[in-house]
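Asker: Here it is, the structure in full.
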Amino acid sequence: MPVILPLTDLNTNPGSFDQISSIYHQCKNVFDEQIEVDLGTVRWIDAHLSAAIMCVVTKIQKNRNVITFTNSSPRVADILRRNGLFQSNLRSETGTVIPLTWFGADQGIDYSNFIRRHLNRMKFPKMTESLRGKIYEGLDEVFMNASIHSNSSTSIFACGQFFPKYERIDFSITDGGIGISGAFKQTFSRDISALDAIEWAMTDGNTTRVGDIPGGLGLKILRRFIRLNSGRFIVVSRDGYWTEQNGIAEKRQLSLDFPGTVVTIEVNTADPKSYDLVPAPNPQDLW
Amino acid sequence: MAMADVVISFSKITGSGVCVTSQDGQRVYAQLYEALAGGHRVSLSFSGVTRMTTAFLNSAVGQLYGEFPADEIRKRMLAPIDAEPWHLSRLKMVNDRAKQYFSNKEAYNRILELGIGSGKDEHH
């Protein structure tokens, strides 16, 4: 008997992540079923959320379930076709879409080239070269973070959308791993709430990396950049939702556990700051 | 073996200017370790490096501080060549972090753990 799951509008907020997680929780113990996600009342989906949705879909498909999205309005269907969540030959390699794509943890270079290829072809009338460099760096750091820490058997999902009218690009990277709190527990053998774990990971120098290779810088570099850019930084990991905009961090407890970690950034593409003006350290005094 | 000054080029080892993965950093580290263990002095070349992450640098150079004393590294590692300001800035950040991490790893981890929930934040 088919399982029918209704969704409502999906924006980048706690309620929407709970909706995405609810698909997972309602289906995680379902096997060999037809699962229908009913989009009949959905008028809008933030396109980059496709990365989180696809992560959940992939987990459910592992139980040999078949998932279909039904009753979508023409507008929603168009968004999801162009960004690749709906399998379609209309998946866009042009325009304002960075299509939903997934990578293995060892495919950092492919991912890096994918980002560069899409951002290079897009027309950002006011984007400075230094801002472009910072975006590349931030997105590379997020991927490597997921690759090293997620401990995931699923892929890392990436998806983005440029909004020319608002001079903003949204980008989301999702892994289906153990979450930041899971990585903390693995390292320190101690439980921590998902929210505390996110805050901990956002603090300078903190890392769940152990052994011979230090870590703990990637998310902090990204956070610093997003603050300077007046953008928005959102992290969902398990049942923790953390966001920062204009230097103000907010955290919310989610009702449901997301099966992994979603890092989303919204970047102001018209930011005129010259990020290159930071003075270089003395090359004689690096070691 | 006589001591020599050796140049290790990131982009030559990785085969491109995209120096982002921990695995590629490990390949750099293998050559760097061999040169230092052989008694040589080393200069890192950033020629052609267009993308670089701290994950790459942590593997490539950060772990040096777990193998060699900091004053030995200071003596043997020369100023980088063909480096842009952002390369130097990231290298310095990773080195400082590695020194802190390896100075007393267990105590450092304990301190980090105690910081949970204290509301501490980074300052710029």
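Quick note on naming: the chains in the structure tokens go A, B, ... in the order shown, residues restart at 1 in each chain, and ligands are numbered from 1 in order of appearance.
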Kindly provide, as a ChimeraX atom specification, the residues of chain B having any atom no farther than 8 Å from an atom of chain A, counting only C-alpha atoms.

Answerer: /B:18,20-22,51-55,58-59,62-63,66,70,73-74,77-80,85-86,88-89,91-92,94-95,97-98,101,112-113,115-117,120-122

Asker: Write out as a PyMOL selection string the set of residues from stretch 10-198 of chain A that DSSP, computed on the backbone, places in strand (DSSP E).

Answerer: chain A and resi 34-38+66-70+97-103+156-163+168-175

Asker: So, counting only C-alpha atoms, which residue among B:Met93, B:Ala83, B:Val7, B:Val49 is closest to B:Leu36?

Answerer: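 Among B:Met93, B:Ala83, B:Val7, B:Val49, it is B:Val7 that comes nearest to B:Leu36.
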
Asker: Any idea what's packed within 9 Å of B:Arg41, counting only C-alpha atoms, ignoring anything in its chain fewer than 6 positions away? Could you give it as a ChimeraX atom specification?

Answerer: /B:3-7,35,75-78

Asker: Quick one: everything within 7 Å of stretch 244-259 of chain A, counting only C-alpha atoms, minus sequence neighbours fewer than 2 positions away in the same chain. Send it as number ranges by chain.

Answerer: A: 14, 18, 21-22, 176-177, 227, 230-234, 237-242
